file upload28.pdb (PDB, C-alpha atoms)
ATOM      1  CA  MET A   1      38.845 -44.264  20.174
ATOM      2  CA  ALA A   2      36.338 -41.629  21.206
ATOM      3  CA  GLN A   3      33.708 -40.912  18.626
ATOM      4  CA  GLY A   4      33.111 -37.334  17.504
ATOM      5  CA  LYS A   5      29.783 -35.690  18.022
ATOM      6  CA  PHE A   6      27.885 -34.156  15.171
ATOM      7  CA  ARG A   7      26.211 -30.816  15.766
ATOM      8  CA  ASN A   8      23.753 -29.100  13.496
ATOM      9  CA  ILE A   9      25.222 -25.883  12.148
ATOM     10  CA  MET A  10      22.043 -24.996  10.328
ATOM     11  CA  SER A  11      19.035 -27.065   9.316
ATOM     12  CA  ALA A  12      16.477 -24.301   8.855
ATOM     13  CA  SER A  13      15.964 -20.620   9.481
ATOM     14  CA  THR A  14      13.239 -18.561  11.104
ATOM     15  CA  GLY A  15      14.214 -15.550   8.997
ATOM     16  CA  LEU A  16      16.286 -12.397   9.010
ATOM     17  CA  ASN A  17      17.229 -10.522  12.180
ATOM     18  CA  ASN A  18      19.626  -7.660  11.524
ATOM     19  CA  PHE A  19      18.545  -5.722  14.619
ATOM     20  CA  VAL A  20      20.643  -7.540  17.242
ATOM     21  CA  ASP A  21      24.355  -8.332  17.284
ATOM     22  CA  PRO A  22      25.034 -11.453  15.134
ATOM     23  CA  THR A  23      26.498 -13.207  18.184
ATOM     24  CA  ARG A  24      23.113 -12.829  19.898
ATOM     25  CA  LEU A  25      20.988 -14.481  17.212
ATOM     26  CA  GLU A  26      18.608 -17.182  18.359
ATOM     27  CA  PHE A  27      19.948 -20.685  17.661
ATOM     28  CA  ASP A  28      18.611 -24.092  18.679
ATOM     29  CA  PHE A  29      21.553 -26.461  19.137
ATOM     30  CA  LYS A  30      19.307 -29.536  18.991
ATOM     31  CA  THR A  31      17.425 -28.745  15.802
ATOM     32  CA  GLY A  32      19.878 -26.431  14.042
ATOM     33  CA  VAL A  33      17.196 -23.785  13.502
ATOM     34  CA  THR A  34      18.686 -20.305  13.489
ATOM     35  CA  GLU A  35      18.085 -16.681  12.588
ATOM     36  CA  LEU A  36      20.073 -15.009   9.825
ATOM     37  CA  SER A  37      22.123 -11.851  10.297
ATOM     38  CA  GLN A  38      22.281 -11.299   6.533
ATOM     39  CA  ALA A  39      20.239 -12.572   3.597
ATOM     40  CA  VAL A  40      20.772 -11.391   0.019
ATOM     41  CA  ASN A  41      18.385 -12.661  -2.697
ATOM     42  CA  VAL A  42      17.116 -15.385  -0.385
ATOM     43  CA  ASN A  43      13.646 -16.874   0.070
ATOM     44  CA  ILE A  44      12.662 -18.890   3.144
ATOM     45  CA  ASP A  45       9.680 -21.205   2.748
ATOM     46  CA  ASN A  46       7.182 -22.203   5.440
ATOM     47  CA  SER A  47       9.377 -25.130   6.512
ATOM     48  CA  GLY A  48      12.340 -22.828   7.159
ATOM     49  CA  ARG A  49      14.265 -23.914   4.103
ATOM     50  CA  PRO A  50      16.331 -21.126   2.503
ATOM     51  CA  SER A  51      16.729 -21.004  -1.265
ATOM     52  CA  ARG A  52      18.012 -18.529  -3.811
ATOM     53  CA  ARG A  53      15.457 -16.084  -5.136
ATOM     54  CA  LEU A  54      14.407 -16.566  -8.738
ATOM     55  CA  GLY A  55      15.698 -14.186 -11.384
ATOM     56  CA  TRP A  56      13.732 -12.057 -13.790
ATOM     57  CA  VAL A  57      13.158 -11.665 -17.518
ATOM     58  CA  GLU A  58      12.875  -8.265 -19.210
ATOM     59  CA  LYS A  59       9.515  -7.918 -20.946
ATOM     60  CA  LEU A  60       9.500  -4.221 -21.779
ATOM     61  CA  THR A  61      12.401  -1.841 -22.364
ATOM     62  CA  THR A  62      10.403   1.298 -21.525
ATOM     63  CA  ALA A  63      11.419   2.873 -18.219
ATOM     64  CA  ALA A  64       8.513   2.474 -15.816
ATOM     65  CA  LYS A  65       7.457   3.702 -12.383
ATOM     66  CA  CYS A  66       4.267   4.101 -10.332
ATOM     67  CA  GLY A  67       2.777   0.806 -11.503
ATOM     68  CA  PHE A  68      -0.676  -0.498 -10.624
ATOM     69  CA  ALA A  69      -2.506  -3.676 -11.607
ATOM     70  CA  SER A  70      -6.072  -4.857 -11.089
ATOM     71  CA  ARG A  71      -8.573  -6.961 -12.983
ATOM     72  CA  GLU A  72      -9.377  -3.904 -15.110
ATOM     73  CA  ALA A  73      -5.884  -3.040 -16.360
ATOM     74  CA  CYS A  74      -2.185  -2.676 -15.614
ATOM     75  CA  LEU A  75      -0.999   0.953 -15.649
ATOM     76  CA  PHE A  76       2.360   2.659 -15.234
ATOM     77  CA  VAL A  77       4.062   5.997 -15.821
ATOM     78  CA  SER A  78       7.102   6.722 -17.971
ATOM     79  CA  GLY A  79       8.269  10.319 -18.190
ATOM     80  CA  THR A  80       5.186  12.409 -18.935
ATOM     81  CA  THR A  81       3.105   9.496 -20.243
ATOM     82  CA  LEU A  82       0.577   7.190 -18.617
ATOM     83  CA  TYR A  83       0.630   3.726 -20.208
ATOM     84  CA  ARG A  84      -1.578   0.670 -20.158
ATOM     85  CA  MET A  85       0.315  -2.601 -20.404
ATOM     86  CA  LYS A  86      -1.414  -5.262 -22.476
ATOM     87  CA  THR A  87      -1.308  -8.993 -21.799
ATOM     88  CA  ASP A  88       1.395  -9.456 -24.450
ATOM     89  CA  TYR A  89       3.613  -6.953 -22.514
ATOM     90  CA  THR A  90       3.307  -4.206 -25.104
ATOM     91  CA  ALA A  91       2.372  -0.739 -23.859
ATOM     92  CA  VAL A  92      -0.305   1.661 -25.090
ATOM     93  CA  ALA A  93      -0.048   5.382 -24.275
ATOM     94  CA  LEU A  94      -3.189   6.786 -22.611
ATOM     95  CA  ARG A  95      -2.108  10.400 -22.078
ATOM     96  CA  SER A  96       1.180  12.295 -22.435
ATOM     97  CA  ASP A  97       0.782  15.525 -20.481
ATOM     98  CA  LEU A  98       1.805  14.448 -16.981
ATOM     99  CA  THR A  99       4.064  16.516 -14.745
ATOM    100  CA  VAL A 100       7.522  14.968 -14.436
ATOM    101  CA  GLY A 101       8.465  13.757 -10.978
ATOM    102  CA  GLN A 102       4.953  13.436  -9.532
ATOM    103  CA  ARG A 103       4.076  10.102  -7.908
ATOM    104  CA  MET A 104       0.905   8.592  -9.360
ATOM    105  CA  LYS A 105      -1.613   6.899  -7.044
ATOM    106  CA  TYR A 106      -4.542   4.701  -8.070
ATOM    107  CA  VAL A 107      -7.706   3.073  -6.769
ATOM    108  CA  ALA A 108      -9.932   0.568  -8.601
ATOM    109  CA  VAL A 109     -13.686   1.146  -8.140
ATOM    110  CA  ALA A 110     -16.668  -0.037 -10.199
ATOM    111  CA  ASN A 111     -14.644  -1.355 -13.178
ATOM    112  CA  ARG A 112     -12.666   1.880 -13.353
ATOM    113  CA  ILE A 113      -9.177   2.806 -12.239
ATOM    114  CA  TYR A 114      -9.030   6.329 -10.845
ATOM    115  CA  TYR A 115      -5.649   8.023 -10.628
ATOM    116  CA  SER A 116      -4.129  11.254  -9.325
ATOM    117  CA  ASN A 117      -0.612  12.604  -8.832
ATOM    118  CA  GLY A 118      -1.399  15.887  -7.099
ATOM    119  CA  VAL A 119      -1.435  17.812 -10.386
ATOM    120  CA  GLU A 120      -3.218  15.646 -12.982
ATOM    121  CA  LYS A 121      -6.033  13.153 -12.462
ATOM    122  CA  GLY A 122      -8.395  10.970 -14.491
ATOM    123  CA  TYR A 123      -9.714   7.448 -14.761
ATOM    124  CA  VAL A 124      -9.329   4.498 -17.105
ATOM    125  CA  TYR A 125     -12.338   2.494 -18.230
ATOM    126  CA  LYS A 126     -12.155  -0.407 -20.699
ATOM    127  CA  GLY A 127      -8.643   0.610 -21.723
ATOM    128  CA  THR A 128      -9.490   4.273 -22.460
ATOM    129  CA  ASN A 129      -8.525   7.370 -20.475
ATOM    130  CA  TYR A 130     -11.227   9.822 -19.344
ATOM    131  CA  ALA A 131     -11.253  13.134 -17.489
ATOM    132  CA  TRP A 132     -12.201  12.826 -13.806
ATOM    133  CA  GLU A 133     -14.730  15.642 -13.481
ATOM    134  CA  LYS A 134     -17.842  16.554 -11.563
ATOM    135  CA  GLY A 135     -20.172  16.053 -14.500
ATOM    136  CA  ASN A 136     -23.906  16.561 -14.146
ATOM    137  CA  PHE A 137     -25.137  16.370 -10.566
ATOM    138  CA  THR A 138     -28.616  17.397  -9.421
ATOM    139  CA  VAL A 139     -29.747  17.838  -5.816
ATOM    140  CA  THR A 140     -33.471  17.696  -5.103
ATOM    141  CA  GLY A 141     -34.925  20.505  -2.976
ATOM    142  CA  ASP A 142     -33.292  23.692  -1.765
ATOM    143  CA  THR A 143     -29.668  23.515  -0.681
ATOM    144  CA  HIS A 144     -26.900  25.951   0.160
ATOM    145  CA  ARG A 145     -24.198  23.387  -0.376
ATOM    146  CA  VAL A 146     -21.534  24.077  -2.990
ATOM    147  CA  PHE A 147     -20.274  21.129  -5.024
ATOM    148  CA  SER A 148     -16.819  21.098  -6.589
ATOM    149  CA  GLU A 149     -14.667  19.115  -8.971
ATOM    150  CA  PRO A 150     -12.373  16.494  -7.415
ATOM    151  CA  PRO A 151      -9.383  18.237  -5.792
ATOM    152  CA  ASN A 152      -5.877  17.448  -7.029
ATOM    153  CA  GLY A 153      -4.696  15.104  -4.331
ATOM    154  CA  HIS A 154      -1.423  13.254  -3.791
ATOM    155  CA  LEU A 155      -3.253  10.136  -2.527
ATOM    156  CA  ILE A 156      -6.656   8.594  -3.232
ATOM    157  CA  GLY A 157      -8.777   5.828  -1.714
ATOM    158  CA  TRP A 158     -12.338   4.579  -1.318
ATOM    159  CA  PHE A 159     -14.567   4.106   1.720
ATOM    160  CA  ALA A 160     -18.292   3.548   2.303
ATOM    161  CA  THR A 161     -19.394   4.403  -1.275
ATOM    162  CA  ARG A 162     -17.265   7.570  -1.309
ATOM    163  CA  MET A 163     -14.055   8.422  -3.115
ATOM    164  CA  LEU A 164     -11.385   9.787  -0.790
ATOM    165  CA  ILE A 165      -8.738  12.306  -1.865
ATOM    166  CA  ALA A 166      -5.896  13.428   0.391
ATOM    167  CA  VAL A 167      -4.409  16.883  -0.066
ATOM    168  CA  ASP A 168      -1.477  17.182   2.343
ATOM    169  CA  ASN A 169      -3.136  16.633   5.773
ATOM    170  CA  GLY A 170      -6.712  17.131   4.550
ATOM    171  CA  LEU A 171      -8.927  14.165   3.651
ATOM    172  CA  PHE A 172     -11.903  14.936   1.392
ATOM    173  CA  ALA A 173     -14.820  12.591   0.627
ATOM    174  CA  SER A 174     -17.075  12.626  -2.426
ATOM    175  CA  GLU A 175     -20.833  12.375  -2.387
ATOM    176  CA  PRO A 176     -22.029   8.751  -2.002
ATOM    177  CA  SER A 177     -21.577   6.892  -5.312
ATOM    178  CA  PHE A 178     -20.794  10.162  -7.152
ATOM    179  CA  TYR A 179     -17.010   9.970  -7.304
ATOM    180  CA  GLY A 180     -16.510  13.281  -9.073
ATOM    181  CA  VAL A 181     -18.719  15.423  -6.809
ATOM    182  CA  PHE A 182     -17.172  16.958  -3.669
ATOM    183  CA  ASP A 183     -18.531  19.246  -0.973
ATOM    184  CA  LEU A 184     -15.149  20.562   0.157
ATOM    185  CA  HIS A 185     -16.653  22.663   2.980
ATOM    186  CA  ASN A 186     -18.529  19.841   4.718
ATOM    187  CA  ASN A 187     -17.139  16.447   3.764
ATOM    188  CA  PHE A 188     -13.575  16.549   5.026
ATOM    189  CA  LYS A 189     -11.411  15.491   7.959
ATOM    190  CA  MET A 190      -8.078  16.887   9.078
ATOM    191  CA  VAL A 191      -5.245  14.687  10.362
ATOM    192  CA  PRO A 192      -2.041  15.729  12.158
ATOM    193  CA  ASP A 193       0.230  15.699   9.103
ATOM    194  CA  ARG A 194       0.600  14.504   5.513
ATOM    195  CA  VAL A 195      -1.484  11.423   4.659
ATOM    196  CA  THR A 196       0.556   8.446   3.422
ATOM    197  CA  MET A 197      -1.965   5.557   3.508
ATOM    198  CA  LEU A 198      -5.700   5.054   2.893
ATOM    199  CA  GLN A 199      -7.089   1.514   3.124
ATOM    200  CA  HIS A 200     -10.702   0.611   3.859
ATOM    201  CA  THR A 201     -12.015  -2.476   5.661
ATOM    202  CA  PRO A 202     -15.595  -3.626   6.390
ATOM    203  CA  GLN A 203     -15.257  -2.155   9.907
ATOM    204  CA  GLY A 204     -13.440   1.089   9.223
ATOM    205  CA  LEU A 205     -10.631   2.951   7.529
ATOM    206  CA  TRP A 206      -6.873   2.627   8.094
ATOM    207  CA  VAL A 207      -5.106   5.982   7.745
ATOM    208  CA  GLY A 208      -1.361   6.481   7.910
ATOM    209  CA  THR A 209       0.523   9.762   8.036
ATOM    210  CA  ASP A 210       4.168  10.790   8.225
ATOM    211  CA  SER A 211       4.066  10.362  12.004
ATOM    212  CA  GLN A 212       1.053   8.226  12.996
ATOM    213  CA  VAL A 213      -1.080   5.167  12.286
ATOM    214  CA  MET A 214      -4.820   5.554  12.924
ATOM    215  CA  PHE A 215      -7.969   3.501  12.491
ATOM    216  CA  TYR A 216     -11.248   5.309  11.829
ATOM    217  CA  ARG A 217     -13.883   2.951  13.199
ATOM    218  CA  GLY A 218     -17.341   2.799  11.637
ATOM    219  CA  THR A 219     -19.143   2.127   8.382
ATOM    220  CA  LYS A 220     -20.436   5.628   7.556
ATOM    221  CA  TRP A 221     -18.193   8.559   6.648
ATOM    222  CA  ARG A 222     -19.918  11.078   8.921
ATOM    223  CA  GLU A 223     -19.904   8.704  11.906
ATOM    224  CA  ILE A 224     -16.396   7.226  11.892
ATOM    225  CA  ARG A 225     -14.248   7.975  14.942
ATOM    226  CA  ARG A 226     -10.465   8.147  15.060
ATOM    227  CA  GLU A 227      -8.490   5.660  17.154
ATOM    228  CA  PRO A 228      -4.709   6.261  17.416
ATOM    229  CA  LYS A 229      -2.788   3.020  16.882
ATOM    230  CA  ALA A 230       0.928   3.912  16.670
ATOM    231  CA  ASP A 231       3.085   6.986  17.183
ATOM    232  CA  TYR A 232       5.167   6.296  14.082
ATOM    233  CA  GLY A 233       4.271   6.890  10.458
ATOM    234  CA  VAL A 234       3.628   4.788   7.357
ATOM    235  CA  ILE A 235       6.086   4.843   4.470
ATOM    236  CA  ASP A 236       4.149   6.147   1.474
ATOM    237  CA  GLY A 237       3.459   3.381  -1.073
ATOM    238  CA  SER A 238       4.217   0.439   1.231
ATOM    239  CA  ASP A 239       0.585  -0.611   1.910
ATOM    240  CA  VAL A 240      -1.086  -3.593   0.252
ATOM    241  CA  VAL A 241      -4.188  -5.708   0.849
ATOM    242  CA  CYS A 242      -3.550  -9.364   1.768
ATOM    243  CA  GLN A 243      -5.460 -12.609   1.863
ATOM    244  CA  GLY A 244      -6.019 -13.185   5.556
ATOM    245  CA  GLU A 245      -5.677 -16.964   5.584
ATOM    246  CA  LYS A 246      -2.015 -16.617   4.605
ATOM    247  CA  LEU A 247      -1.410 -14.506   7.731
ATOM    248  CA  GLY A 248      -3.586 -16.515  10.066
ATOM    249  CA  ALA A 249      -6.063 -13.635  10.198
ATOM    250  CA  PRO A 250      -9.665 -13.408   9.010
ATOM    251  CA  GLY A 251     -10.755 -11.290   6.064
ATOM    252  CA  ARG A 252      -8.370  -9.062   4.133
ATOM    253  CA  PRO A 253      -5.851  -7.386   6.439
ATOM    254  CA  ILE A 254      -3.533  -4.562   5.373
ATOM    255  CA  MET A 255       0.258  -4.860   5.416
ATOM    256  CA  PHE A 256       2.482  -1.785   5.437
ATOM    257  CA  THR A 257       5.958  -0.690   6.428
ATOM    258  CA  THR A 258       6.903   1.871   9.048
ATOM    259  CA  PRO A 259      10.278   3.121  10.346
ATOM    260  CA  LYS A 260       9.697   0.763  13.313
ATOM    261  CA  GLY A 261       8.918  -2.359  11.299
ATOM    262  CA  ILE A 262       6.422  -4.156   9.071
ATOM    263  CA  CYS A 263       2.851  -4.017  10.383
ATOM    264  CA  VAL A 264      -0.451  -5.817   9.867
ATOM    265  CA  GLY A 265      -3.680  -3.829  10.232
ATOM    266  CA  ARG A 266      -6.606  -6.181  10.640
ATOM    267  CA  GLU A 267     -10.210  -5.588   9.613
ATOM    268  CA  ASP A 268     -11.278  -5.070  13.241
ATOM    269  CA  GLY A 269      -8.744  -2.282  13.803
ATOM    270  CA  THR A 270      -6.125  -4.413  15.561
ATOM    271  CA  LEU A 271      -2.536  -3.426  14.755
ATOM    272  CA  GLU A 272       0.420  -5.811  15.000
ATOM    273  CA  ASN A 273       4.046  -4.946  14.307
ATOM    274  CA  ILE A 274       5.373  -8.315  13.105
ATOM    275  CA  SER A 275       9.032  -7.324  12.750
ATOM    276  CA  TYR A 276       9.554  -5.058  15.775
ATOM    277  CA  ASN A 277      13.122  -5.432  17.084
ATOM    278  CA  LYS A 278      13.842  -7.811  14.204
ATOM    279  CA  LEU A 279      14.605  -5.690  11.149
ATOM    280  CA  THR A 280      16.346  -2.431  10.446
ATOM    281  CA  PHE A 281      16.303  -0.874   6.989
ATOM    282  CA  PRO A 282      17.252   2.423   5.380
ATOM    283  CA  ALA A 283      15.051   5.364   6.238
ATOM    284  CA  GLY A 284      12.889   6.422   3.309
ATOM    285  CA  ARG A 285       9.826   8.489   2.562
ATOM    286  CA  TYR A 286       8.545   6.436  -0.382
ATOM    287  CA  ALA A 287       8.226   2.741  -1.176
ATOM    288  CA  SER A 288       6.657   0.273  -3.593
ATOM    289  CA  ALA A 289       5.079  -2.955  -2.379
ATOM    290  CA  THR A 290       3.202  -5.984  -3.636
ATOM    291  CA  ILE A 291       2.030  -9.444  -2.624
ATOM    292  CA  ALA A 292       3.654 -12.259  -4.612
ATOM    293  CA  GLY A 293       2.197 -15.614  -3.655
ATOM    294  CA  ASP A 294       2.404 -15.684   0.138
ATOM    295  CA  ARG A 295       5.152 -13.048   0.370
ATOM    296  CA  TYR A 296       4.994  -9.348   1.076
ATOM    297  CA  ILE A 297       7.666  -7.574  -0.948
ATOM    298  CA  VAL A 298       8.569  -3.939  -0.293
ATOM    299  CA  LEU A 299      11.186  -1.748  -1.973
ATOM    300  CA  ILE A 300      12.161   1.403  -0.058
ATOM    301  CA  ASP A 301      13.528   4.465  -1.782
ATOM    302  CA  PRO A 302      16.196   5.760   0.669
TER     303      PRO A 302
END

call {"tool": "encode", "arguments": {"input": "upload28.pdb", "output": "structure tokens"}}
result
Amino acid sequence: MAQGKFRNIMSASTGLNNFVDPTRLEFDFKTGVTELSQAVNVNIDNSGRPSRRLGWVEKLTTAAKCGFASREACLFVSGTTLYRMKTDYTAVALRSDLTVGQRMKYVAVANRIYYSNGVEKGYVYKGTNYAWEKGNFTVTGDTHRVFSEPPNGHLIGWFATRMLIAVDNGLFASEPSFYGVFDLHNNFKMVPDRVTMLQHTPQGLWVGTDSQVMFYRGTKWREIRREPKADYGVIDGSDVVCQGEKLGAPGRPIMFTTPKGICVGREDGTLENISYNKLTFPAGRYASATIAGDRYIVLIDP
């Protein structure tokens, strides 16, 4: 009697590929390693083993959006209120005069968390909310420069000792180490369209817009030069800083999502689209993203 042959149907997976026809997925008949055409609530570890994603436990019943966490604090918005979440998962209101519907953005600098939503702004220091204002600023010698309060920007960042605030397609920089003092007539750069990402590296500044990805190379604000990297935009809110060793890259690269795939922006200005022709997902203007362990997780608002 002839003996039947066993064939691996699936022993491991290299990940999701919903870009090609399912009949065209890569499959190794010898090893049983295959791509997946669909994956719902699935994790795939470094060995290729798929497993069900862990569930979640509700810690706070308050509706929350626009969250941010750093060593200083964990903040989020609910309705018109900015909250600080304590380590026991209770929430403390910091201010309750926010404009409904505005997306809050944050940046942690010098033990403070600065925030702005395009209408209101401020910073949190040691669990207390403060106004983000120009304050007292003295310039030695004669000057014709005019210094202003921080503009109300929809996106904020930090680069080369300066706070950065984006207002539509304008990018304004503060005076060095004075994060509330802005010379709006001299310290600004214009980009092609609305800014959606600001992430600094030791060698420059990654800037995303609705239609482009750029790297501003240099270590001084007045000397950086723009290098176009991609002719597609960055989905607002999808950018996070990673630990390079988990990506096989030195330093702290940036991960972000574009309509053409998930990208890695390295410290030296190198751009890599790691999911090009692999993934398709709903078009969206806004997203939320985080790093959990060695995974990049992004939620897109279609």

call {"tool": "closest_residue", "arguments": {"input": "upload28.pdb", "among": "A:Thr143, A:Asn111, A:Asn129, A:Thr31", "to": "Leu94 (chain A)", "atoms": "all atoms listed in the file"}}
result
A:Asn129

call {"tool": "resolve_selection", "arguments": {"input": "upload28.pdb", "expression": "the PyMOL selection byres ((chain A and resi 36) around 9)", "output": "ChimeraX atom specification"}}
result
/A:13-18,22,25-26,34-35,37-39

call {"tool": "atom_distance", "arguments": {"input": "upload28.pdb", "atom1": "CA of Glu175 (chain A)", "atom2": "CA of Arg162 (chain A)"}}
result
6.1 Å

call {"tool": "atom_distance", "arguments": {"input": "upload28.pdb", "atom1": "CA of Ala289 (chain A)", "atom2": "CA of Val213 (chain A)"}}
result
17.9 Å

call {"tool": "resolve_selection", "arguments": {"input": "upload28.pdb", "expression": "the PyMOL selection byres ((chain A and resi 225) around 12)", "output": "ChimeraX atom specification"}}
result
/A:189,203-207,214-224,226-228,269

call {"tool": "closest_residue", "arguments": {"input": "upload28.pdb", "among": "A:Glu245, A:Asp193, A:Asp268, A:Met85", "to": "Tyr232 (chain A)", "atoms": "only C-alpha atoms"}}
result
A:Asp193

call {"tool": "closest_residue", "arguments": {"input": "upload28.pdb", "among": "A:Tyr125, A:Phe182, A:Tyr130, A:Phe172", "to": "Val146 (chain A)", "atoms": "only C-alpha atoms"}}
result
A:Phe182

call {"tool": "atom_distance", "arguments": {"input": "upload28.pdb", "atom1": "CA of Cys242 (chain A)", "atom2": "CA of Gly101 (chain A)"}}
result
29.0 Å

call {"tool": "residues_around", "arguments": {"input": "upload28.pdb", "residues": "Asn46 (chain A)", "least_positions_apart": "4", "cutoff": "12 Å", "atoms": "all atoms listed in the file", "output": "number ranges by chain"}}
result
A: 12-15, 50-51, 246-247, 294-295

call {"tool": "resolve_selection", "arguments": {"input": "upload28.pdb", "expression": "the PyMOL selection byres ((chain A and resi 75-80) around 12)", "output": "count of residues only"}}
result
55

call {"tool": "residues_around", "arguments": {"input": "upload28.pdb", "residues": "Ser174 (chain A)", "least_positions_apart": "4", "cutoff": "12 Å", "atoms": "all atoms listed in the file", "output": "PyMOL selection string"}}
result
chain A and resi 133-134+147-151+156-166+178-188+221-222

call {"tool": "closest_residue", "arguments": {"input": "upload28.pdb", "among": "A:Leu279, A:Val119, A:Val33, A:Leu299", "to": "Ser11 (chain A)", "atoms": "all atoms listed in the file"}}
result
A:Val33

call {"tool": "residues_around", "arguments": {"input": "upload28.pdb", "residues": "Pro250 (chain A)", "least_positions_apart": "5", "cutoff": "9 Å", "atoms": "all atoms listed in the file", "output": "list in words"}}
result
Gln243, Gly244, Glu245, Arg266 and Glu267 of chain A
